[in-house]
Amino acid sequence: MPQLYDLNIAQASGAIRTGEVSSVELSTALLDLIDELEPSLHAWVTIDREEVLGAAHRRDQQAAEGDVLGPLHGVPIGLKDIYYTAGMKTTACSKVLADFVPDHDATSVVRLKQAGAIVLGKAVTTEFATSDPSPTINPWNASRTPGGSSSGSSVAVATRMCAGALGSQTAGSTCRPAAYNGIVGLKGTYGRVSRFGVIPVSYSMDTVGILTRTVEDAGIMLDAMAGYDPNDPCSAWEPVDEYREMLNSPILAPRIGLIREFFLENCDAETRRHTEEMAQHFASRGADVVEVSLPPNFATIYAAHRTITDVECSAYHEDMFNARADDYSPKLRGWIEIGKLIPGVHYLQAQRLRRRHRAEMDALARSVDVLLTPSAPSPAPPLDGGTTGSPMFQTPWTSAGLPTISLPSGLSLEGLPLGIQLEGHLFGEGKLLAAARWCEKAIGLELMPPVVPTAPRPRM
C-alpha cells in the first residue's frame, strides 16, 4: 500500500469507507508531512492540529456507526485563505484582515463538510488573491514562482500535504499554479459554485477553483459544491450533472479543437512543441483533433478584463483602503488606485465587450467537445521581478465564464512541469471532465516534486 499521504481523494475516501484506513490515521500522516515540509515551502497560514484530529475522530465514529456523510468522508481538504471558516482566521494573507475570524463558513466549505470533508487548514494566497507574490516556494525549483494567487493550495496538493484544496480564479489563479506545480486545476462555469463567504477580487470574474491530482478527484469536489445558492446573487439555476458518475461511465475519444492562433504564437518554443505533440498523441489514440479559429474580437477582452477587475477590486476595498492604505502591498495598492480613476462609461463599455466575448467563446467551445491550448506560455518563470507568472492563457476563459481544466502533461528540459488546458462550453463541466479524463488516461502521467519523501515509513 502507498504511503497514506500518497492517497488521492477517491482512494482515501474508499479506504476510510471500508475501514482499511481511519480518518485519524490519514490526518496524522498529512499533519506529519506538513511538519516536515512546511518550514521550507511556506504553503500554510493556519493549521489547528487538535481541531483536525478531533474532526477526524468524529468522522471515524460516524463511519463505525454506518453514517458515512458522502464521497469526502474523513478526507482533509485545504482552503485558500480567502474562504470564510467559522471560528478560524480568514486573513487573505493581509495585514488588513490579520485578526479577522468569521462567524460562518463559506457555502462551498459548508457543502464540503456536508460531503464529509475535514478542513485541514488555510493555505497561503497572494494578498487578497491579487498580484503581489506570496512567500510560498515552488517545490520543483525554489528559484521559480509557484504561481498565484492560489500558490499555497497548489503547492500543498502537489507535495501530498493534502489530496485536494480550494483555490479561486479571477484571471488565471487556479489553472496557472496548477500547471506550474504539476497538478490538476479546475475552474467551473461562472456561477456553477457559490462564492458566498469568499473574499472577492472582482464580482464579475471570481470563480471557485479546485486543485487535485486527478480529474476524478476534481469531479468529486465539484459534485459536492455545485448548485444554486440563494446567498450568492450570481449563483446559477442551471441543472447539475453527476460528474463522478459520468467519469465512471465509458468515455469515447473526444473531438478536440486545437487553437493555434494567439496561444501557440505567444508561448515559448518548448511549450509550443509540447502542445503540438500532445495534440498528435491524442489523435494517435483516437481523438478527432481539428484546428479552430478565434473570433475576430478576441483581443479586446484583455483590456476589458483589466478595466472590470480594477474597478470592482477598488469598489470592494474602498473603505478599508481609505483607512489603511499603507498596509496594502504595492501591486494591490496600484490596482485599487487605478480602479478609482476609471470612468463609469469605460467600465460599462468593458462589460458590454465581455458579454459579446462570452457569447462568441461559448459558440466556439460548442463547435467541438473540448478546446485545447497550453496552460501557460512557459514553465514557471523565475522569481526575479516579482512575477507570479502570466495569466494570459486563462484570462479569455475567465472573462467568458467558461469552464476550464489544466492537466499535467510532462516535464520541461529543466525539469519543470508542463501542462495543457482544456476548455468547455457554459455549464458543460460534465463533458469537459469526461474529455479531461480521457486525455489524462492517454497521457498516463502523475508528477511528484522532488521534495516529497519517498522512503518507506510506518503508517502511524
# chains A, B, ... in the order shown; residues from 1 in each chain; ligands from 1
call {"tool": "select_by_dssp", "arguments": {"residues": "segment 18-156 of chain A", "states": "strand (DSSP E)", "output": "list in words"}}
result
Trp44, Val45, Thr46, Pro76, Ile77, Gly78, Leu79, Lys80, Ile118, Val119, Leu120, Gly121, Lys122 and Ala123 of chain A
call {"tool": "residues_around", "arguments": {"residues": "Ala287 of chain A", "least_positions_apart": "4", "cutoff": "8 Å", "atoms": "only C-alpha atoms", "output": "number ranges by chain"}}
result
A: 253-256, 282-283
call {"tool": "write_last_selection", "arguments": {"atoms": "N, CA and C atoms", "output": "compact mmCIF listing (two decimals), in the first residue's frame"}}
result
# COMPACT_ATOMS: atom_id res chain seq x y z
N ALA A 253 -13.53 8.71 -27.24
CA ALA A 253 -12.49 9.66 -27.64
C ALA A 253 -13.15 10.97 -28.07
N PRO A 254 -12.69 12.10 -27.57
CA PRO A 254 -13.37 13.37 -27.84
C PRO A 254 -12.96 14.01 -29.16
N ARG A 255 -13.77 14.94 -29.60
CA ARG A 255 -13.42 15.82 -30.71
C ARG A 255 -12.76 17.05 -30.09
N ILE A 256 -11.50 17.28 -30.40
CA ILE A 256 -10.69 18.30 -29.75
C ILE A 256 -10.37 19.42 -30.73
N PHE A 282 -2.95 12.62 -28.85
CA PHE A 282 -4.38 12.37 -28.69
C PHE A 282 -4.98 11.83 -29.99
N ALA A 283 -4.56 12.39 -31.11
CA ALA A 283 -5.06 11.91 -32.40
C ALA A 283 -4.66 10.45 -32.62
call {"tool": "residues_around", "arguments": {"residues": "segment 235-249 of chain A", "least_positions_apart": "3", "cutoff": "8 Å", "atoms": "only C-alpha atoms", "output": "PyMOL selection string"}}
result
chain A and resi 191-195+216+219-220+222-223+226-230+232+427+429-430+433-434+437
call {"tool": "write_last_selection", "arguments": {"atoms": "N, CA and C atoms", "output": "tab-separated table (two decimals), in the first residue's frame"}}
result
chain	number	residue	atom	x	y	z
A	191	GLY	N	-20.67	31.03	-11.72
A	191	GLY	CA	-21.98	30.79	-11.12
A	191	GLY	C	-22.28	29.34	-10.82
A	192	ARG	N	-21.41	28.43	-11.23
A	192	ARG	CA	-21.65	27.00	-11.00
A	192	ARG	C	-21.51	26.64	-9.52
A	193	VAL	N	-20.52	27.26	-8.83
A	193	VAL	CA	-20.28	27.05	-7.41
A	193	VAL	C	-20.43	28.38	-6.69
A	194	SER	N	-21.15	28.39	-5.60
A	194	SER	CA	-21.40	29.62	-4.85
A	194	SER	C	-20.11	30.27	-4.37
A	195	ARG	N	-20.09	31.61	-4.42
A	195	ARG	CA	-18.96	32.37	-3.89
A	195	ARG	C	-19.32	33.06	-2.58
A	216	GLU	N	-10.70	12.71	-11.67
A	216	GLU	CA	-11.79	12.14	-10.88
A	216	GLU	C	-11.96	12.89	-9.57
A	219	GLY	N	-13.75	16.06	-10.06
A	219	GLY	CA	-15.17	15.80	-10.22
A	219	GLY	C	-15.87	15.54	-8.89
A	220	ILE	N	-15.19	14.83	-8.00
A	220	ILE	CA	-15.76	14.56	-6.67
A	220	ILE	C	-15.98	15.87	-5.92
A	222	LEU	N	-16.25	18.91	-7.20
A	222	LEU	CA	-17.28	19.71	-7.87
A	222	LEU	C	-18.67	19.17	-7.56
A	223	ASP	N	-18.82	17.83	-7.55
A	223	ASP	CA	-20.10	17.22	-7.18
A	223	ASP	C	-20.59	17.75	-5.83
A	226	ALA	N	-21.28	22.03	-6.31
A	226	ALA	CA	-22.04	22.67	-7.39
A	226	ALA	C	-23.51	22.80	-7.03
A	227	GLY	N	-24.11	23.85	-7.54
A	227	GLY	CA	-25.54	24.03	-7.37
A	227	GLY	C	-25.91	25.41	-6.88
A	228	TYR	N	-27.17	25.74	-7.05
A	228	TYR	CA	-27.67	27.08	-6.73
A	228	TYR	C	-27.56	27.39	-5.25
A	229	ASP	N	-27.25	28.64	-4.94
A	229	ASP	CA	-27.19	29.13	-3.57
A	229	ASP	C	-27.85	30.50	-3.51
A	230	PRO	N	-28.96	30.65	-2.80
A	230	PRO	CA	-29.64	31.94	-2.75
A	230	PRO	C	-28.81	33.05	-2.11
A	232	ASP	N	-25.79	33.76	-2.92
A	232	ASP	CA	-24.92	34.33	-3.95
A	232	ASP	C	-25.79	34.81	-5.11
A	427	PHE	N	-21.57	25.76	-18.58
A	427	PHE	CA	-22.20	24.71	-17.81
A	427	PHE	C	-21.98	23.32	-18.44
A	429	GLU	N	-19.47	21.31	-17.67
A	429	GLU	CA	-18.43	20.67	-16.86
A	429	GLU	C	-18.41	19.16	-17.04
A	430	GLY	N	-19.58	18.54	-17.23
A	430	GLY	CA	-19.61	17.10	-17.40
A	430	GLY	C	-18.84	16.65	-18.63
A	433	LEU	N	-15.02	17.42	-18.09
A	433	LEU	CA	-14.36	16.46	-17.23
A	433	LEU	C	-14.19	15.10	-17.91
A	434	ALA	N	-15.19	14.69	-18.70
A	434	ALA	CA	-15.07	13.43	-19.42
A	434	ALA	C	-13.93	13.48	-20.42
A	437	ARG	N	-10.68	13.45	-18.50
A	437	ARG	CA	-10.36	12.10	-18.01
A	437	ARG	C	-9.79	11.25	-19.13
call {"tool": "select_by_dssp", "arguments": {"residues": "segment 104-134 of chain A", "states": "helix (DSSP H, G or I)", "output": "list of chain:residue names"}}
result
A:Thr107, A:Ser108, A:Val109, A:Val110, A:Arg111, A:Leu112, A:Lys113, A:Gln114, A:Glu127, A:Phe128, A:Ala129
call {"tool": "write_last_selection", "arguments": {"atoms": "N, CA and C atoms", "output": "tab-separated table (two decimals), in the first residue's frame"}}
result
chain	number	residue	atom	x	y	z
A	107	THR	N	-20.28	29.02	1.71
A	107	THR	CA	-21.18	27.95	1.24
A	107	THR	C	-20.40	26.76	0.71
A	108	SER	N	-19.32	27.01	-0.03
A	108	SER	CA	-18.52	25.91	-0.56
A	108	SER	C	-17.93	25.06	0.56
A	109	VAL	N	-17.54	25.70	1.66
A	109	VAL	CA	-16.99	24.97	2.81
A	109	VAL	C	-18.10	24.17	3.49
A	110	VAL	N	-19.27	24.77	3.63
A	110	VAL	CA	-20.42	24.06	4.20
A	110	VAL	C	-20.69	22.79	3.41
A	111	ARG	N	-20.69	22.90	2.09
A	111	ARG	CA	-21.04	21.75	1.26
A	111	ARG	C	-19.94	20.68	1.28
A	112	LEU	N	-18.69	21.09	1.36
A	112	LEU	CA	-17.62	20.11	1.50
A	112	LEU	C	-17.77	19.34	2.82
A	113	LYS	N	-18.09	20.06	3.89
A	113	LYS	CA	-18.29	19.40	5.17
A	113	LYS	C	-19.50	18.47	5.13
A	114	GLN	N	-20.56	18.89	4.45
A	114	GLN	CA	-21.74	18.03	4.33
A	114	GLN	C	-21.41	16.74	3.58
A	127	GLU	N	-1.69	38.44	-1.45
A	127	GLU	CA	-2.57	39.30	-0.66
A	127	GLU	C	-3.89	39.59	-1.37
A	128	PHE	N	-4.99	39.24	-0.69
A	128	PHE	CA	-6.33	39.42	-1.24
A	128	PHE	C	-6.46	38.78	-2.63
A	129	ALA	N	-5.70	37.70	-2.86
A	129	ALA	CA	-5.78	36.94	-4.12
A	129	ALA	C	-5.50	37.80	-5.34
call {"tool": "residues_around", "arguments": {"residues": "Thr373 of chain A", "least_positions_apart": "4", "cutoff": "8 Å", "atoms": "only C-alpha atoms", "output": "JSON, numbers by chain"}}
result
{"A": [258, 259, 260, 263, 264, 275, 393, 420, 421, 422]}
call {"tool": "residues_around", "arguments": {"residues": "Gly14 of chain A", "least_positions_apart": "6", "cutoff": "10 Å", "atoms": "only C-alpha atoms", "output": "PDB file with N, CA and C atoms, in the first residue's frame"}}
result
ATOM      1  N   ASN A   8      -5.000   9.599  -3.183  1.00  0.00           N
ATOM      2  CA  ASN A   8      -5.818  10.695  -3.690  1.00  0.00           C
ATOM      3  C   ASN A   8      -7.184  10.663  -3.011  1.00  0.00           C
ATOM      4  N   GLU A  20     -10.309   0.217   5.938  1.00  0.00           N
ATOM      5  CA  GLU A  20      -8.911  -0.129   5.727  1.00  0.00           C
ATOM      6  C   GLU A  20      -7.986   0.924   6.326  1.00  0.00           C
ATOM      7  N   VAL A  21      -8.448   2.180   6.308  1.00  0.00           N
ATOM      8  CA  VAL A  21      -7.701   3.309   6.857  1.00  0.00           C
ATOM      9  C   VAL A  21      -8.676   4.143   7.671  1.00  0.00           C
ATOM     10  N   PRO A  71     -18.936  11.365  -0.347  1.00  0.00           N
ATOM     11  CA  PRO A  71     -17.719  10.891  -1.016  1.00  0.00           C
ATOM     12  C   PRO A  71     -16.426  11.520  -0.506  1.00  0.00           C
ATOM     13  N   LEU A  72     -16.519  12.475   0.427  1.00  0.00           N
ATOM     14  CA  LEU A  72     -15.325  13.081   1.015  1.00  0.00           C
ATOM     15  C   LEU A  72     -15.197  12.739   2.496  1.00  0.00           C
ATOM     16  N   HIS A  73     -15.924  11.732   2.938  1.00  0.00           N
ATOM     17  CA  HIS A  73     -15.993  11.426   4.361  1.00  0.00           C
ATOM     18  C   HIS A  73     -14.606  11.144   4.942  1.00  0.00           C
TER      19      HIS A  73
END
call {"tool": "atom_distance", "arguments": {"atom1": "atom CA of Asp99 of chain A", "atom2": "atom CA of Ser134 of chain A"}}
result
18.7 Å
call {"tool": "closest_residue", "arguments": {"among": "A:Thr189, A:Ser204, A:Thr309, A:Ser13", "to": "His425 of chain A", "atoms": "only C-alpha atoms"}}
result
A:Thr189
call {"tool": "closest_residue", "arguments": {"among": "A:Ser390, A:Thr125, A:Ser314, A:Thr212", "to": "Ser378 of chain A", "atoms": "only C-alpha atoms"}}
result
A:Ser390
call {"tool": "closest_residue", "arguments": {"among": "A:Leu26, A:Ile405, A:Ile82, A:Ala12", "to": "Leu211 of chain A", "atoms": "only C-alpha atoms"}}
result
A:Ile405
call {"tool": "residues_around", "arguments": {"residues": "Ser329 of chain A", "least_positions_apart": "4", "cutoff": "10 Å", "atoms": "only C-alpha atoms", "output": "list of chain:residue names"}}
result
A:Ser94, A:Lys95, A:Thr126, A:Glu127, A:Phe128, A:Thr130, A:Ser131, A:Asp132, A:Pro133, A:Ala325, A:Arg333, A:Gly334
call {"tool": "closest_residue", "arguments": {"among": "A:Ala158, A:Leu97, A:Ala304, A:Leu252", "to": "Arg213 of chain A", "atoms": "only C-alpha atoms"}}
result
A:Ala158
call {"tool": "atom_distance", "arguments": {"atom1": "atom CA of Val198 of chain A", "atom2": "atom CA of Gly424 of chain A"}}
result
24.4 Å
call {"tool": "closest_residue", "arguments": {"among": "A:Ala365, A:Leu69, A:Val24, A:Leu30", "to": "Leu432 of chain A", "atoms": "only C-alpha atoms"}}
result
A:Ala365
call {"tool": "decode", "arguments": {"residues": "segment 244-274 of chain A", "atoms": "N, CA and C atoms", "output": "PDB file, in the first residue's frame"}}
result
ATOM      1  N   ARG A 244     -18.967  12.679 -11.075  1.00  0.00           N
ATOM      2  CA  ARG A 244     -18.179  11.470 -10.857  1.00  0.00           C
ATOM      3  C   ARG A 244     -18.809  10.278 -11.561  1.00  0.00           C
ATOM      4  N   GLU A 245     -20.126  10.203 -11.550  1.00  0.00           N
ATOM      5  CA  GLU A 245     -20.809   9.106 -12.239  1.00  0.00           C
ATOM      6  C   GLU A 245     -20.505   9.140 -13.732  1.00  0.00           C
ATOM      7  N   MET A 246     -20.482  10.333 -14.305  1.00  0.00           N
ATOM      8  CA  MET A 246     -20.155  10.467 -15.723  1.00  0.00           C
ATOM      9  C   MET A 246     -18.725   9.994 -15.995  1.00  0.00           C
ATOM     10  N   LEU A 247     -17.813  10.278 -15.068  1.00  0.00           N
ATOM     11  CA  LEU A 247     -16.421   9.876 -15.254  1.00  0.00           C
ATOM     12  C   LEU A 247     -16.243   8.372 -15.119  1.00  0.00           C
ATOM     13  N   ASN A 248     -17.125   7.719 -14.392  1.00  0.00           N
ATOM     14  CA  ASN A 248     -17.026   6.277 -14.203  1.00  0.00           C
ATOM     15  C   ASN A 248     -17.744   5.501 -15.299  1.00  0.00           C
ATOM     16  N   SER A 249     -18.407   6.213 -16.212  1.00  0.00           N
ATOM     17  CA  SER A 249     -19.044   5.583 -17.367  1.00  0.00           C
ATOM     18  C   SER A 249     -18.039   5.507 -18.512  1.00  0.00           C
ATOM     19  N   PRO A 250     -18.265   4.626 -19.482  1.00  0.00           N
ATOM     20  CA  PRO A 250     -17.352   4.566 -20.638  1.00  0.00           C
ATOM     21  C   PRO A 250     -17.266   5.929 -21.331  1.00  0.00           C
ATOM     22  N   ILE A 251     -16.049   6.362 -21.631  1.00  0.00           N
ATOM     23  CA  ILE A 251     -15.819   7.673 -22.233  1.00  0.00           C
ATOM     24  C   ILE A 251     -15.252   7.499 -23.641  1.00  0.00           C
ATOM     25  N   LEU A 252     -15.932   8.068 -24.627  1.00  0.00           N
ATOM     26  CA  LEU A 252     -15.476   7.978 -26.003  1.00  0.00           C
ATOM     27  C   LEU A 252     -14.369   8.994 -26.263  1.00  0.00           C
ATOM     28  N   ALA A 253     -13.532   8.714 -27.240  1.00  0.00           N
ATOM     29  CA  ALA A 253     -12.494   9.660 -27.638  1.00  0.00           C
ATOM     30  C   ALA A 253     -13.154  10.967 -28.074  1.00  0.00           C
ATOM     31  N   PRO A 254     -12.694  12.100 -27.569  1.00  0.00           N
ATOM     32  CA  PRO A 254     -13.369  13.375 -27.836  1.00  0.00           C
ATOM     33  C   PRO A 254     -12.956  14.008 -29.161  1.00  0.00           C
ATOM     34  N   ARG A 255     -13.770  14.939 -29.601  1.00  0.00           N
ATOM     35  CA  ARG A 255     -13.419  15.820 -30.711  1.00  0.00           C
ATOM     36  C   ARG A 255     -12.759  17.052 -30.094  1.00  0.00           C
ATOM     37  N   ILE A 256     -11.502  17.283 -30.404  1.00  0.00           N
ATOM     38  CA  ILE A 256     -10.692  18.301 -29.752  1.00  0.00           C
ATOM     39  C   ILE A 256     -10.373  19.420 -30.735  1.00  0.00           C
ATOM     40  N   GLY A 257     -10.648  20.641 -30.339  1.00  0.00           N
ATOM     41  CA  GLY A 257     -10.344  21.802 -31.180  1.00  0.00           C
ATOM     42  C   GLY A 257      -9.041  22.453 -30.738  1.00  0.00           C
ATOM     43  N   LEU A 258      -7.984  22.287 -31.512  1.00  0.00           N
ATOM     44  CA  LEU A 258      -6.690  22.891 -31.204  1.00  0.00           C
ATOM     45  C   LEU A 258      -6.684  24.351 -31.663  1.00  0.00           C
ATOM     46  N   ILE A 259      -6.362  25.265 -30.754  1.00  0.00           N
ATOM     47  CA  ILE A 259      -6.289  26.689 -31.098  1.00  0.00           C
ATOM     48  C   ILE A 259      -4.822  27.056 -31.274  1.00  0.00           C
ATOM     49  N   ARG A 260      -4.425  27.325 -32.504  1.00  0.00           N
ATOM     50  CA  ARG A 260      -3.033  27.720 -32.766  1.00  0.00           C
ATOM     51  C   ARG A 260      -2.829  29.222 -32.599  1.00  0.00           C
ATOM     52  N   GLU A 261      -3.744  30.007 -33.184  1.00  0.00           N
ATOM     53  CA  GLU A 261      -3.541  31.455 -33.163  1.00  0.00           C
ATOM     54  C   GLU A 261      -3.581  31.976 -31.730  1.00  0.00           C
ATOM     55  N   PHE A 262      -2.813  32.986 -31.489  1.00  0.00           N
ATOM     56  CA  PHE A 262      -2.609  33.635 -30.205  1.00  0.00           C
ATOM     57  C   PHE A 262      -1.899  32.718 -29.215  1.00  0.00           C
ATOM     58  N   PHE A 263      -2.470  31.563 -28.851  1.00  0.00           N
ATOM     59  CA  PHE A 263      -1.913  30.718 -27.795  1.00  0.00           C
ATOM     60  C   PHE A 263      -0.573  30.118 -28.208  1.00  0.00           C
ATOM     61  N   LEU A 264      -0.497  29.471 -29.343  1.00  0.00           N
ATOM     62  CA  LEU A 264       0.780  28.911 -29.781  1.00  0.00           C
ATOM     63  C   LEU A 264       1.718  29.988 -30.316  1.00  0.00           C
ATOM     64  N   GLU A 265       1.172  31.149 -30.631  1.00  0.00           N
ATOM     65  CA  GLU A 265       2.013  32.273 -31.074  1.00  0.00           C
ATOM     66  C   GLU A 265       2.673  32.996 -29.895  1.00  0.00           C
ATOM     67  N   ASN A 266       2.113  32.829 -28.699  1.00  0.00           N
ATOM     68  CA  ASN A 266       2.595  33.588 -27.548  1.00  0.00           C
ATOM     69  C   ASN A 266       3.199  32.716 -26.449  1.00  0.00           C
ATOM     70  N   CYS A 267       3.630  31.522 -26.803  1.00  0.00           N
ATOM     71  CA  CYS A 267       4.323  30.683 -25.825  1.00  0.00           C
ATOM     72  C   CYS A 267       5.739  30.416 -26.314  1.00  0.00           C
ATOM     73  N   ASP A 268       6.584  29.914 -25.425  1.00  0.00           N
ATOM     74  CA  ASP A 268       7.957  29.636 -25.845  1.00  0.00           C
ATOM     75  C   ASP A 268       7.994  28.389 -26.732  1.00  0.00           C
ATOM     76  N   ALA A 269       9.141  28.177 -27.381  1.00  0.00           N
ATOM     77  CA  ALA A 269       9.255  27.111 -28.382  1.00  0.00           C
ATOM     78  C   ALA A 269       9.003  25.738 -27.768  1.00  0.00           C
ATOM     79  N   GLU A 270       9.483  25.518 -26.555  1.00  0.00           N
ATOM     80  CA  GLU A 270       9.308  24.206 -25.921  1.00  0.00           C
ATOM     81  C   GLU A 270       7.842  23.936 -25.612  1.00  0.00           C
ATOM     82  N   THR A 271       7.137  24.942 -25.100  1.00  0.00           N
ATOM     83  CA  THR A 271       5.719  24.780 -24.790  1.00  0.00           C
ATOM     84  C   THR A 271       4.909  24.569 -26.057  1.00  0.00           C
ATOM     85  N   ARG A 272       5.227  25.319 -27.115  1.00  0.00           N
ATOM     86  CA  ARG A 272       4.521  25.147 -28.384  1.00  0.00           C
ATOM     87  C   ARG A 272       4.721  23.731 -28.927  1.00  0.00           C
ATOM     88  N   ARG A 273       5.967  23.266 -28.934  1.00  0.00           N
ATOM     89  CA  ARG A 273       6.262  21.917 -29.428  1.00  0.00           C
ATOM     90  C   ARG A 273       5.557  20.846 -28.583  1.00  0.00           C
ATOM     91  N   HIS A 274       5.564  21.048 -27.274  1.00  0.00           N
ATOM     92  CA  HIS A 274       4.924  20.075 -26.379  1.00  0.00           C
ATOM     93  C   HIS A 274       3.418  20.006 -26.635  1.00  0.00           C
TER      94      HIS A 274
END
